[in-house]
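protein-v2.txt (compact mmCIF, N, CA and C atoms) appears below.
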# COMPACT_ATOMS: atom_id res chain seq x y z
N MET A 10 6.99 10.76 6.97
CA MET A 10 7.52 9.42 7.13
C MET A 10 6.53 8.58 7.92
N LEU A 11 6.35 7.36 7.50
CA LEU A 11 5.49 6.44 8.23
C LEU A 11 6.24 5.89 9.44
N ALA A 12 5.52 5.66 10.52
CA ALA A 12 6.13 5.06 11.70
C ALA A 12 6.54 3.63 11.37
N ALA A 13 7.50 3.11 12.10
CA ALA A 13 8.02 1.77 11.83
C ALA A 13 6.92 0.72 11.90
N ALA A 14 5.98 0.87 12.81
CA ALA A 14 4.90 -0.10 12.96
C ALA A 14 3.92 -0.04 11.79
N GLN A 15 3.94 1.04 11.02
CA GLN A 15 3.00 1.20 9.91
C GLN A 15 3.57 0.78 8.57
N ARG A 16 4.83 0.32 8.55
CA ARG A 16 5.47 -0.03 7.28
C ARG A 16 5.53 -1.54 7.09
N LEU A 17 5.28 -1.96 5.87
CA LEU A 17 5.50 -3.36 5.49
C LEU A 17 6.96 -3.47 5.08
N ARG A 18 7.64 -4.49 5.57
CA ARG A 18 9.05 -4.66 5.23
C ARG A 18 9.37 -6.03 4.65
N ARG A 19 8.71 -7.05 5.15
CA ARG A 19 9.04 -8.42 4.74
C ARG A 19 8.35 -8.80 3.43
N SER A 20 9.05 -9.58 2.65
CA SER A 20 8.51 -10.06 1.39
C SER A 20 7.24 -10.87 1.62
N SER A 21 7.19 -11.64 2.70
CA SER A 21 6.01 -12.44 2.98
C SER A 21 4.79 -11.57 3.29
N ASP A 22 5.02 -10.41 3.93
CA ASP A 22 3.91 -9.49 4.21
C ASP A 22 3.36 -8.90 2.91
N PHE A 23 4.27 -8.52 2.00
CA PHE A 23 3.84 -7.99 0.72
C PHE A 23 3.07 -9.05 -0.06
N ALA A 24 3.60 -10.27 -0.08
CA ALA A 24 2.96 -11.35 -0.84
C ALA A 24 1.57 -11.66 -0.30
N ALA A 25 1.43 -11.69 1.01
CA ALA A 25 0.13 -11.98 1.62
C ALA A 25 -0.88 -10.88 1.28
N ALA A 26 -0.44 -9.64 1.31
CA ALA A 26 -1.34 -8.53 1.01
C ALA A 26 -1.75 -8.53 -0.46
N VAL A 27 -0.81 -8.84 -1.34
CA VAL A 27 -1.12 -8.84 -2.77
C VAL A 27 -2.01 -10.02 -3.13
N ARG A 28 -1.74 -11.19 -2.57
CA ARG A 28 -2.54 -12.37 -2.88
C ARG A 28 -3.92 -12.32 -2.26
N GLY A 29 -4.02 -11.83 -1.03
CA GLY A 29 -5.29 -11.89 -0.32
C GLY A 29 -6.12 -10.63 -0.37
N GLY A 30 -5.57 -9.56 -0.93
CA GLY A 30 -6.29 -8.30 -0.89
C GLY A 30 -7.09 -8.01 -2.14
N ARG A 31 -7.86 -6.95 -2.04
CA ARG A 31 -8.63 -6.47 -3.20
C ARG A 31 -7.71 -5.58 -4.03
N ARG A 32 -7.77 -5.72 -5.33
CA ARG A 32 -6.92 -4.94 -6.22
C ARG A 32 -7.75 -3.93 -6.98
N ALA A 33 -7.22 -2.71 -7.08
CA ALA A 33 -7.88 -1.68 -7.88
C ALA A 33 -6.79 -0.81 -8.50
N GLY A 34 -6.88 -0.59 -9.78
CA GLY A 34 -5.92 0.24 -10.49
C GLY A 34 -6.58 1.49 -11.02
N ARG A 35 -5.94 2.61 -10.82
CA ARG A 35 -6.43 3.88 -11.34
C ARG A 35 -5.23 4.70 -11.78
N GLY A 36 -5.23 5.13 -13.02
CA GLY A 36 -4.18 6.00 -13.53
C GLY A 36 -2.81 5.36 -13.44
N ALA A 37 -1.94 5.95 -12.63
CA ALA A 37 -0.55 5.52 -12.54
C ALA A 37 -0.30 4.58 -11.36
N LEU A 38 -1.37 4.12 -10.68
CA LEU A 38 -1.20 3.31 -9.47
C LEU A 38 -2.09 2.08 -9.49
N VAL A 39 -1.64 1.06 -8.77
CA VAL A 39 -2.46 -0.10 -8.46
C VAL A 39 -2.35 -0.30 -6.96
N VAL A 40 -3.48 -0.43 -6.28
CA VAL A 40 -3.46 -0.68 -4.84
C VAL A 40 -4.00 -2.07 -4.55
N HIS A 41 -3.41 -2.70 -3.55
CA HIS A 41 -3.88 -3.99 -3.03
C HIS A 41 -4.24 -3.72 -1.58
N LEU A 42 -5.51 -3.88 -1.24
CA LEU A 42 -5.99 -3.55 0.10
C LEU A 42 -6.58 -4.80 0.74
N THR A 43 -6.06 -5.13 1.92
CA THR A 43 -6.59 -6.23 2.71
C THR A 43 -7.26 -5.63 3.93
N LEU A 44 -8.57 -5.81 4.04
CA LEU A 44 -9.32 -5.27 5.17
C LEU A 44 -9.47 -6.35 6.24
N PRO A 45 -9.44 -5.97 7.51
CA PRO A 45 -9.60 -6.97 8.56
C PRO A 45 -11.04 -7.50 8.57
N GLY A 46 -11.17 -8.78 8.88
CA GLY A 46 -12.49 -9.38 8.99
C GLY A 46 -13.10 -9.83 7.68
N THR A 47 -12.38 -9.67 6.56
CA THR A 47 -12.90 -10.16 5.29
C THR A 47 -12.42 -11.59 5.09
N PRO A 48 -13.17 -12.40 4.36
CA PRO A 48 -12.78 -13.80 4.18
C PRO A 48 -11.42 -13.97 3.53
N GLU A 49 -11.04 -13.04 2.64
CA GLU A 49 -9.76 -13.18 1.96
C GLU A 49 -8.61 -12.59 2.76
N ALA A 50 -8.91 -11.99 3.90
CA ALA A 50 -7.86 -11.39 4.72
C ALA A 50 -6.93 -12.46 5.26
N VAL A 51 -5.65 -12.18 5.18
CA VAL A 51 -4.63 -13.07 5.68
C VAL A 51 -3.93 -12.37 6.82
N ASP A 52 -3.52 -13.12 7.84
CA ASP A 52 -2.87 -12.51 8.98
C ASP A 52 -1.48 -12.02 8.59
N VAL A 53 -1.33 -10.70 8.49
CA VAL A 53 -0.03 -10.10 8.20
C VAL A 53 0.33 -9.15 9.32
N ALA A 54 -0.01 -9.52 10.54
CA ALA A 54 0.29 -8.68 11.69
C ALA A 54 1.79 -8.59 11.88
N PRO A 55 2.27 -7.44 12.30
CA PRO A 55 3.71 -7.29 12.46
C PRO A 55 4.22 -8.19 13.58
N LYS A 56 5.35 -8.81 13.31
CA LYS A 56 6.01 -9.62 14.32
C LYS A 56 7.35 -8.97 14.62
N PRO A 57 7.85 -9.12 15.83
CA PRO A 57 9.12 -8.49 16.14
C PRO A 57 10.23 -9.02 15.25
N ALA A 58 11.03 -8.12 14.73
CA ALA A 58 12.14 -8.51 13.88
C ALA A 58 13.37 -8.78 14.73
N ARG A 59 14.09 -9.82 14.38
CA ARG A 59 15.34 -10.17 15.03
C ARG A 59 15.22 -10.32 16.54
N GLY A 60 14.19 -11.00 16.97
CA GLY A 60 14.08 -11.33 18.39
C GLY A 60 13.63 -10.19 19.26
N GLY A 61 13.16 -9.09 18.68
CA GLY A 61 12.69 -7.96 19.48
C GLY A 61 11.38 -8.30 20.16
N VAL A 62 10.96 -7.46 21.06
CA VAL A 62 9.73 -7.68 21.80
C VAL A 62 8.73 -6.63 21.36
N GLU A 63 7.51 -7.06 21.08
CA GLU A 63 6.46 -6.11 20.71
C GLU A 63 5.98 -5.40 21.97
N GLU A 64 6.00 -4.07 21.92
CA GLU A 64 5.51 -3.33 23.07
C GLU A 64 4.03 -3.04 22.98
N ASP A 65 3.50 -3.00 21.75
CA ASP A 65 2.08 -2.72 21.57
C ASP A 65 1.53 -3.76 20.60
N SER A 66 0.62 -4.60 21.08
CA SER A 66 0.12 -5.67 20.23
C SER A 66 -1.19 -5.29 19.53
N ALA A 67 -1.65 -4.06 19.69
CA ALA A 67 -2.87 -3.62 19.04
C ALA A 67 -2.64 -3.58 17.53
N PRO A 68 -3.61 -4.05 16.75
CA PRO A 68 -3.43 -4.04 15.29
C PRO A 68 -3.38 -2.61 14.77
N VAL A 69 -2.54 -2.39 13.80
CA VAL A 69 -2.37 -1.07 13.22
C VAL A 69 -2.43 -1.21 11.69
N SER A 70 -2.93 -0.20 11.02
CA SER A 70 -2.95 -0.21 9.57
C SER A 70 -1.52 -0.05 9.07
N ARG A 71 -1.19 -0.84 8.04
CA ARG A 71 0.19 -0.83 7.54
C ARG A 71 0.20 -0.63 6.04
N ALA A 72 1.29 -0.07 5.53
CA ALA A 72 1.41 0.21 4.10
C ALA A 72 2.81 -0.13 3.60
N GLY A 73 2.86 -0.53 2.34
CA GLY A 73 4.13 -0.80 1.68
C GLY A 73 4.05 -0.31 0.24
N PHE A 74 5.21 -0.14 -0.36
CA PHE A 74 5.28 0.45 -1.70
C PHE A 74 6.13 -0.40 -2.62
N VAL A 75 5.69 -0.53 -3.87
CA VAL A 75 6.43 -1.26 -4.88
C VAL A 75 6.63 -0.30 -6.05
N VAL A 76 7.89 0.06 -6.28
CA VAL A 76 8.23 0.95 -7.39
C VAL A 76 9.36 0.27 -8.15
N SER A 77 9.04 -0.35 -9.28
CA SER A 77 10.01 -1.16 -10.01
C SER A 77 10.91 -0.30 -10.89
N LYS A 78 11.92 -0.94 -11.45
CA LYS A 78 12.85 -0.25 -12.34
C LYS A 78 12.18 0.24 -13.61
N ALA A 79 11.02 -0.30 -13.92
CA ALA A 79 10.29 0.15 -15.10
C ALA A 79 9.82 1.60 -14.95
N VAL A 80 9.74 2.08 -13.71
CA VAL A 80 9.30 3.45 -13.46
C VAL A 80 10.37 4.44 -13.90
N GLY A 81 11.63 4.10 -13.72
CA GLY A 81 12.71 5.00 -14.13
C GLY A 81 13.98 4.72 -13.36
N SER A 82 14.87 5.70 -13.40
CA SER A 82 16.15 5.57 -12.69
C SER A 82 15.92 5.61 -11.18
N ALA A 83 16.97 5.37 -10.43
CA ALA A 83 16.87 5.35 -8.96
C ALA A 83 16.36 6.68 -8.42
N VAL A 84 16.79 7.76 -9.02
CA VAL A 84 16.35 9.08 -8.57
C VAL A 84 14.85 9.24 -8.76
N VAL A 85 14.36 8.84 -9.91
CA VAL A 85 12.93 8.95 -10.22
C VAL A 85 12.12 8.02 -9.32
N ARG A 86 12.60 6.78 -9.15
CA ARG A 86 11.89 5.83 -8.29
C ARG A 86 11.79 6.34 -6.86
N ASN A 87 12.86 6.88 -6.34
CA ASN A 87 12.83 7.39 -4.97
C ASN A 87 11.91 8.61 -4.84
N LYS A 88 11.87 9.45 -5.86
CA LYS A 88 10.96 10.60 -5.84
C LYS A 88 9.51 10.13 -5.80
N VAL A 89 9.19 9.13 -6.63
CA VAL A 89 7.83 8.58 -6.66
C VAL A 89 7.51 7.95 -5.32
N ARG A 90 8.45 7.18 -4.77
CA ARG A 90 8.22 6.52 -3.48
C ARG A 90 8.01 7.54 -2.36
N ARG A 91 8.77 8.61 -2.34
CA ARG A 91 8.58 9.66 -1.31
C ARG A 91 7.21 10.32 -1.44
N ARG A 92 6.80 10.60 -2.66
CA ARG A 92 5.48 11.21 -2.87
C ARG A 92 4.37 10.27 -2.40
N LEU A 93 4.47 9.01 -2.77
CA LEU A 93 3.45 8.04 -2.37
C LEU A 93 3.43 7.86 -0.86
N ARG A 94 4.59 7.82 -0.23
CA ARG A 94 4.64 7.66 1.22
C ARG A 94 3.93 8.82 1.91
N HIS A 95 4.15 10.02 1.43
CA HIS A 95 3.51 11.19 2.02
C HIS A 95 1.99 11.16 1.81
N LEU A 96 1.57 10.77 0.61
CA LEU A 96 0.14 10.69 0.33
C LEU A 96 -0.54 9.62 1.18
N VAL A 97 0.09 8.47 1.32
CA VAL A 97 -0.51 7.38 2.09
C VAL A 97 -0.55 7.73 3.57
N ARG A 98 0.47 8.40 4.06
CA ARG A 98 0.50 8.77 5.48
C ARG A 98 -0.74 9.59 5.86
N GLU A 99 -1.18 10.46 4.97
CA GLU A 99 -2.37 11.28 5.22
C GLU A 99 -3.65 10.47 5.19
N ARG A 100 -3.65 9.34 4.46
CA ARG A 100 -4.88 8.57 4.27
C ARG A 100 -4.94 7.29 5.09
N LEU A 101 -3.86 6.90 5.73
CA LEU A 101 -3.81 5.63 6.46
C LEU A 101 -4.77 5.60 7.64
N ALA A 102 -4.96 6.74 8.30
CA ALA A 102 -5.85 6.79 9.46
C ALA A 102 -7.32 6.56 9.05
N ALA A 103 -7.66 6.83 7.80
CA ALA A 103 -9.04 6.65 7.34
C ALA A 103 -9.37 5.19 7.08
N LEU A 104 -8.35 4.34 6.97
CA LEU A 104 -8.59 2.92 6.74
C LEU A 104 -8.93 2.23 8.06
N PRO A 105 -9.69 1.14 8.00
CA PRO A 105 -10.01 0.41 9.24
C PRO A 105 -8.73 -0.10 9.91
N THR A 106 -8.73 -0.14 11.22
CA THR A 106 -7.58 -0.61 11.97
C THR A 106 -7.27 -2.06 11.58
N GLY A 107 -6.01 -2.33 11.32
CA GLY A 107 -5.59 -3.66 10.93
C GLY A 107 -5.54 -3.88 9.43
N SER A 108 -5.82 -2.85 8.65
CA SER A 108 -5.76 -2.96 7.19
C SER A 108 -4.32 -3.04 6.72
N THR A 109 -4.14 -3.68 5.58
CA THR A 109 -2.83 -3.74 4.95
C THR A 109 -2.97 -3.21 3.54
N LEU A 110 -2.11 -2.26 3.18
CA LEU A 110 -2.18 -1.59 1.89
C LEU A 110 -0.83 -1.71 1.18
N VAL A 111 -0.86 -2.16 -0.06
CA VAL A 111 0.33 -2.15 -0.90
C VAL A 111 0.02 -1.27 -2.10
N VAL A 112 0.87 -0.27 -2.34
CA VAL A 112 0.69 0.65 -3.47
C VAL A 112 1.79 0.34 -4.47
N ARG A 113 1.39 -0.02 -5.70
CA ARG A 113 2.35 -0.32 -6.76
C ARG A 113 2.30 0.79 -7.79
N ALA A 114 3.44 1.38 -8.06
CA ALA A 114 3.52 2.47 -9.03
C ALA A 114 3.75 1.89 -10.42
N LEU A 115 2.98 2.35 -11.38
CA LEU A 115 3.16 1.97 -12.77
C LEU A 115 4.13 2.95 -13.42
N PRO A 116 4.68 2.62 -14.58
CA PRO A 116 5.65 3.52 -15.22
C PRO A 116 5.14 4.95 -15.43
N ALA A 117 3.83 5.12 -15.58
CA ALA A 117 3.27 6.46 -15.77
C ALA A 117 3.44 7.34 -14.53
N ALA A 118 3.71 6.74 -13.38
CA ALA A 118 3.88 7.51 -12.15
C ALA A 118 5.12 8.40 -12.19
N ALA A 119 6.08 8.07 -13.04
CA ALA A 119 7.31 8.86 -13.13
C ALA A 119 7.01 10.29 -13.59
N ASP A 120 6.04 10.44 -14.48
CA ASP A 120 5.72 11.76 -15.03
C ASP A 120 4.50 12.40 -14.37
N ALA A 121 3.87 11.70 -13.44
CA ALA A 121 2.66 12.22 -12.79
C ALA A 121 3.01 13.26 -11.74
N THR A 122 2.17 14.27 -11.61
CA THR A 122 2.37 15.28 -10.58
C THR A 122 1.90 14.74 -9.23
N TYR A 123 2.25 15.44 -8.19
CA TYR A 123 1.84 15.06 -6.84
C TYR A 123 0.31 15.04 -6.74
N GLN A 124 -0.33 16.04 -7.31
CA GLN A 124 -1.79 16.12 -7.27
C GLN A 124 -2.42 14.95 -8.04
N ARG A 125 -1.85 14.60 -9.19
CA ARG A 125 -2.38 13.50 -9.99
C ARG A 125 -2.24 12.18 -9.23
N LEU A 126 -1.10 11.98 -8.58
CA LEU A 126 -0.91 10.76 -7.78
C LEU A 126 -1.94 10.71 -6.64
N GLY A 127 -2.23 11.87 -6.03
CA GLY A 127 -3.22 11.92 -4.96
C GLY A 127 -4.61 11.56 -5.44
N VAL A 128 -4.98 12.07 -6.61
CA VAL A 128 -6.30 11.77 -7.19
C VAL A 128 -6.38 10.28 -7.53
N ASP A 129 -5.32 9.75 -8.15
CA ASP A 129 -5.31 8.32 -8.50
C ASP A 129 -5.37 7.44 -7.25
N LEU A 130 -4.64 7.83 -6.21
CA LEU A 130 -4.65 7.04 -4.97
C LEU A 130 -6.03 7.05 -4.32
N ASP A 131 -6.66 8.21 -4.27
CA ASP A 131 -8.00 8.30 -3.69
C ASP A 131 -9.00 7.44 -4.46
N ALA A 132 -8.93 7.52 -5.79
CA ALA A 132 -9.85 6.73 -6.62
C ALA A 132 -9.61 5.24 -6.45
N ALA A 133 -8.36 4.83 -6.41
CA ALA A 133 -8.04 3.41 -6.27
C ALA A 133 -8.45 2.90 -4.88
N LEU A 134 -8.20 3.68 -3.85
CA LEU A 134 -8.61 3.27 -2.50
C LEU A 134 -10.13 3.16 -2.40
N GLY A 135 -10.83 4.11 -3.00
CA GLY A 135 -12.28 4.05 -2.99
C GLY A 135 -12.80 2.81 -3.69
N ALA A 136 -12.21 2.48 -4.82
CA ALA A 136 -12.63 1.29 -5.56
C ALA A 136 -12.30 0.01 -4.79
N ALA A 137 -11.14 -0.03 -4.15
CA ALA A 137 -10.74 -1.22 -3.40
C ALA A 137 -11.60 -1.40 -2.16
N ARG A 138 -11.97 -0.31 -1.52
CA ARG A 138 -12.81 -0.41 -0.31
C ARG A 138 -14.23 -0.82 -0.67
N ALA A 139 -14.73 -0.34 -1.81
CA ALA A 139 -16.09 -0.67 -2.23
C ALA A 139 -16.20 -2.13 -2.63
N GLY A 140 -15.13 -2.64 -3.21
CA GLY A 140 -15.16 -4.03 -3.66
C GLY A 140 -16.16 -4.19 -4.78
N ARG A 141 -16.36 -5.41 -5.17
CA ARG A 141 -17.37 -5.72 -6.17
C ARG A 141 -17.79 -7.15 -5.99
N GLY A 142 -18.92 -7.47 -6.51
CA GLY A 142 -19.42 -8.84 -6.40
C GLY A 142 -18.57 -9.80 -7.20
N ARG A 143 -18.67 -11.05 -6.88
CA ARG A 143 -17.94 -12.08 -7.62
C ARG A 143 -18.45 -12.16 -9.05
N ARG A 144 -17.53 -12.36 -9.97
CA ARG A 144 -17.94 -12.56 -11.37
C ARG A 144 -18.50 -13.94 -11.53
N SER A 145 -19.55 -14.06 -12.31
CA SER A 145 -20.08 -15.38 -12.61
C SER A 145 -19.36 -15.92 -13.84
N ARG A 146 -19.04 -17.18 -13.80
CA ARG A 146 -18.30 -17.76 -14.92
C ARG A 146 -19.19 -18.64 -15.73

Give the structure from the file, written as structure tokens.
Amino acid sequence: MLAAAQRLRRSSDFAAAVRGGRRAGRGALVVHLTLPGTPEAVDVAPKPARGGVEEDSAPVSRAGFVVSKAVGSAVVRNKVRRRLRHLVRERLAALPTGSTLVVRALPAAADATYQRLGVDLDAALGAARAGRGRRSR
């Protein structure tokens, strides 16, 4: 399980990460990664919910998951989400502090094994971290 400070919960946080981050799709997953200090990075730092007080203001890497109904029934979606959460928890420390990661599961994730999801996640994270030059139009 990810710690509360490491989870994206608000729709605005997801939207900022998806709009401002680098996108890379591999296999059954698409990742949106926002790295700190990049020009497209948007401030999605956690704010206290419902009037709470932040005890630690240090930036932390955060992750969120999008598993739509196209993936399958509620049981299948929750299974995919649990697998992804476990895989991301192992890899979140390797990301730069202050990074924001959104992992979107495609319908193929319903039939993918845990190992396949891990390989796809590693490949997508590697591609998102490497980035690519701007396309010339």

Taking only chain A into account, list the residues labelled strand (DSSP E or B) by DSSP (computed from the backbone), as a JSON list (two decimals) with N, CA and C atoms, keeping the file's coordinate frame.
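Below is the file states_39.json, written as the result:
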[["chain", "number", "residue", "atom", "x", "y", "z"],
["A", 16, "ARG", "N", 4.83, 0.32, 8.55],
["A", 16, "ARG", "CA", 5.47, -0.03, 7.28],
["A", 16, "ARG", "C", 5.53, -1.54, 7.09],
["A", 31, "ARG", "N", -7.86, -6.95, -2.04],
["A", 31, "ARG", "CA", -8.63, -6.47, -3.20],
["A", 31, "ARG", "C", -7.71, -5.58, -4.03],
["A", 32, "ARG", "N", -7.77, -5.72, -5.33],
["A", 32, "ARG", "CA", -6.92, -4.94, -6.22],
["A", 32, "ARG", "C", -7.75, -3.93, -6.98],
["A", 33, "ALA", "N", -7.22, -2.71, -7.08],
["A", 33, "ALA", "CA", -7.88, -1.68, -7.88],
["A", 33, "ALA", "C", -6.79, -0.81, -8.50],
["A", 34, "GLY", "N", -6.88, -0.59, -9.78],
["A", 34, "GLY", "CA", -5.92, 0.24, -10.49],
["A", 34, "GLY", "C", -6.58, 1.49, -11.02],
["A", 35, "ARG", "N", -5.94, 2.61, -10.82],
["A", 35, "ARG", "CA", -6.43, 3.88, -11.34],
["A", 35, "ARG", "C", -5.23, 4.70, -11.78],
["A", 38, "LEU", "N", -1.37, 4.12, -10.68],
["A", 38, "LEU", "CA", -1.20, 3.31, -9.47],
["A", 38, "LEU", "C", -2.09, 2.08, -9.49],
["A", 39, "VAL", "N", -1.64, 1.06, -8.77],
["A", 39, "VAL", "CA", -2.46, -0.10, -8.46],
["A", 39, "VAL", "C", -2.35, -0.30, -6.96],
["A", 40, "VAL", "N", -3.48, -0.43, -6.28],
["A", 40, "VAL", "CA", -3.46, -0.68, -4.84],
["A", 40, "VAL", "C", -4.00, -2.07, -4.55],
["A", 41, "HIS", "N", -3.41, -2.70, -3.55],
["A", 41, "HIS", "CA", -3.88, -3.99, -3.03],
["A", 41, "HIS", "C", -4.24, -3.72, -1.58],
["A", 42, "LEU", "N", -5.51, -3.88, -1.24],
["A", 42, "LEU", "CA", -5.99, -3.55, 0.10],
["A", 42, "LEU", "C", -6.58, -4.80, 0.74],
["A", 43, "THR", "N", -6.06, -5.13, 1.92],
["A", 43, "THR", "CA", -6.59, -6.23, 2.71],
["A", 43, "THR", "C", -7.26, -5.63, 3.93],
["A", 71, "ARG", "N", -1.19, -0.84, 8.04],
["A", 71, "ARG", "CA", 0.19, -0.83, 7.54],
["A", 71, "ARG", "C", 0.20, -0.63, 6.04],
["A", 72, "ALA", "N", 1.29, -0.07, 5.53],
["A", 72, "ALA", "CA", 1.41, 0.21, 4.10],
["A", 72, "ALA", "C", 2.81, -0.13, 3.60],
["A", 73, "GLY", "N", 2.86, -0.53, 2.34],
["A", 73, "GLY", "CA", 4.13, -0.80, 1.68],
["A", 73, "GLY", "C", 4.05, -0.31, 0.24],
["A", 74, "PHE", "N", 5.21, -0.14, -0.36],
["A", 74, "PHE", "CA", 5.28, 0.45, -1.70],
["A", 74, "PHE", "C", 6.13, -0.40, -2.62],
["A", 75, "VAL", "N", 5.69, -0.53, -3.87],
["A", 75, "VAL", "CA", 6.43, -1.26, -4.88],
["A", 75, "VAL", "C", 6.63, -0.30, -6.05],
["A", 76, "VAL", "N", 7.89, 0.06, -6.28],
["A", 76, "VAL", "CA", 8.23, 0.95, -7.39],
["A", 76, "VAL", "C", 9.36, 0.27, -8.15],
["A", 109, "THR", "N", -4.14, -3.68, 5.58],
["A", 109, "THR", "CA", -2.83, -3.74, 4.95],
["A", 109, "THR", "C", -2.97, -3.21, 3.54],
["A", 110, "LEU", "N", -2.11, -2.26, 3.18],
["A", 110, "LEU", "CA", -2.18, -1.59, 1.89],
["A", 110, "LEU", "C", -0.83, -1.71, 1.18],
["A", 111, "VAL", "N", -0.86, -2.16, -0.06],
["A", 111, "VAL", "CA", 0.33, -2.15, -0.90],
["A", 111, "VAL", "C", 0.02, -1.27, -2.10],
["A", 112, "VAL", "N", 0.87, -0.27, -2.34],
["A", 112, "VAL", "CA", 0.69, 0.65, -3.47],
["A", 112, "VAL", "C", 1.79, 0.34, -4.47],
["A", 113, "ARG", "N", 1.39, -0.02, -5.70],
["A", 113, "ARG", "CA", 2.35, -0.32, -6.76],
["A", 113, "ARG", "C", 2.30, 0.79, -7.79],
["A", 114, "ALA", "N", 3.44, 1.38, -8.06],
["A", 114, "ALA", "CA", 3.52, 2.47, -9.03],
["A", 114, "ALA", "C", 3.75, 1.89, -10.42]]

With a distance cut-off of 5 Å and only N, CA and C atoms, select the neighbouring residues of Arg31 of chain A, excluding the residue or stretch itself and same-chain residues fewer than 3 positions from it, and output the selection as a count of residues only.
-> 3

Pick from A:Arg35, A:Lys78, A:Arg98, A:Arg71 nearest to Pro116 of chain A, counting all atoms listed in the file |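 Going through A:Arg35, A:Lys78, A:Arg98, A:Arg71 one by one, the smallest distance to Pro116 of chain A is for A:Lys78.
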
Would you compute the box with edges along x, y and z of the file around segment 19-25 of chain A, including every atom the file lists for it and 8 Å extra on each side, and give its centre and edge lengths in Å to one decimal, as JSON?
{"center_x": 4.1, "center_y": -9.7, "center_z": 2.2, "size_x": 25.9, "size_y": 21.4, "size_z": 22.0}

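If all atoms listed in the file are the atoms counted, then among A:Arg18, A:Asp131, A:Phe74, A:Ser82 the closest residue to Arg94 of chain A is A:Phe74.
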
Which residue, A:Gly34, A:Gly73, A:Gly46, A:Pro68, has the smallest gap to Leu110 of chain A when you use only N, CA and C atoms?
->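 For Leu110 of chain A, the nearest of the candidates is A:Gly73.
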
Of the listed residues A:Ala79, A:Ala24, A:Gly30, A:Ala37, that which approaches Ala133 of chain A most closely, counting only C-alpha atoms | A:Ala37

Could you please determine the separation between atom N of Arg28 of chain A and atom C of Val85 of chain A in Å, to one decimal place?
->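 These two atoms are separated by 24.6 Å.
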
Could you pull segment 122-126 of chain A out of the block above and give me all heavy atoms, as a PDB file, in the first residue's frame?
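Heads up, here's the output in part10.pdb:
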ATOM      1  N   THR A 122      -0.361 -10.736 -16.972  1.00  0.00           N
ATOM      2  CA  THR A 122       0.150 -11.288 -15.716  1.00  0.00           C
ATOM      3  C   THR A 122       0.866 -10.189 -14.934  1.00  0.00           C
ATOM      4  O   THR A 122       1.164  -9.116 -15.464  1.00  0.00           O
ATOM      5  CB  THR A 122       1.158 -12.422 -15.992  1.00  0.00           C
ATOM      6  OG1 THR A 122       2.288 -11.872 -16.687  1.00  0.00           O
ATOM      7  CG2 THR A 122       0.527 -13.542 -16.806  1.00  0.00           C
ATOM      8  N   TYR A 123       1.145 -10.485 -13.685  1.00  0.00           N
ATOM      9  CA  TYR A 123       1.865  -9.545 -12.827  1.00  0.00           C
ATOM     10  C   TYR A 123       3.233  -9.223 -13.432  1.00  0.00           C
ATOM     11  O   TYR A 123       3.645  -8.064 -13.470  1.00  0.00           O
ATOM     12  CB  TYR A 123       2.006 -10.158 -11.432  1.00  0.00           C
ATOM     13  CG  TYR A 123       2.736  -9.288 -10.450  1.00  0.00           C
ATOM     14  CD1 TYR A 123       2.071  -8.262  -9.782  1.00  0.00           C
ATOM     15  CD2 TYR A 123       4.080  -9.485 -10.172  1.00  0.00           C
ATOM     16  CE1 TYR A 123       2.728  -7.457  -8.869  1.00  0.00           C
ATOM     17  CE2 TYR A 123       4.752  -8.684  -9.264  1.00  0.00           C
ATOM     18  CZ  TYR A 123       4.064  -7.677  -8.607  1.00  0.00           C
ATOM     19  OH  TYR A 123       4.727  -6.876  -7.716  1.00  0.00           O
ATOM     20  N   GLN A 124       3.919 -10.240 -13.918  1.00  0.00           N
ATOM     21  CA  GLN A 124       5.239 -10.042 -14.508  1.00  0.00           C
ATOM     22  C   GLN A 124       5.154  -9.178 -15.767  1.00  0.00           C
ATOM     23  O   GLN A 124       5.999  -8.313 -15.997  1.00  0.00           O
ATOM     24  CB  GLN A 124       5.890 -11.386 -14.849  1.00  0.00           C
ATOM     25  CG  GLN A 124       6.300 -12.205 -13.649  1.00  0.00           C
ATOM     26  CD  GLN A 124       5.130 -12.907 -12.964  1.00  0.00           C
ATOM     27  OE1 GLN A 124       4.049 -13.051 -13.530  1.00  0.00           O
ATOM     28  NE2 GLN A 124       5.346 -13.325 -11.728  1.00  0.00           N
ATOM     29  N   ARG A 125       4.132  -9.407 -16.590  1.00  0.00           N
ATOM     30  CA  ARG A 125       3.960  -8.623 -17.819  1.00  0.00           C
ATOM     31  C   ARG A 125       3.690  -7.163 -17.479  1.00  0.00           C
ATOM     32  O   ARG A 125       4.216  -6.256 -18.129  1.00  0.00           O
ATOM     33  CB  ARG A 125       2.798  -9.205 -18.637  1.00  0.00           C
ATOM     34  CG  ARG A 125       2.573  -8.517 -19.937  1.00  0.00           C
ATOM     35  CD  ARG A 125       3.614  -8.952 -20.950  1.00  0.00           C
ATOM     36  NE  ARG A 125       4.171  -7.767 -21.570  1.00  0.00           N
ATOM     37  CZ  ARG A 125       5.334  -7.723 -22.190  1.00  0.00           C
ATOM     38  NH1 ARG A 125       6.088  -8.784 -22.271  1.00  0.00           N
ATOM     39  NH2 ARG A 125       5.762  -6.621 -22.733  1.00  0.00           N
ATOM     40  N   LEU A 126       2.851  -6.919 -16.475  1.00  0.00           N
ATOM     41  CA  LEU A 126       2.585  -5.543 -16.055  1.00  0.00           C
ATOM     42  C   LEU A 126       3.868  -4.874 -15.557  1.00  0.00           C
ATOM     43  O   LEU A 126       4.107  -3.694 -15.823  1.00  0.00           O
ATOM     44  CB  LEU A 126       1.510  -5.505 -14.967  1.00  0.00           C
ATOM     45  CG  LEU A 126       0.080  -5.803 -15.409  1.00  0.00           C
ATOM     46  CD1 LEU A 126      -0.849  -5.869 -14.198  1.00  0.00           C
ATOM     47  CD2 LEU A 126      -0.416  -4.784 -16.403  1.00  0.00           C
TER      48      LEU A 126
END
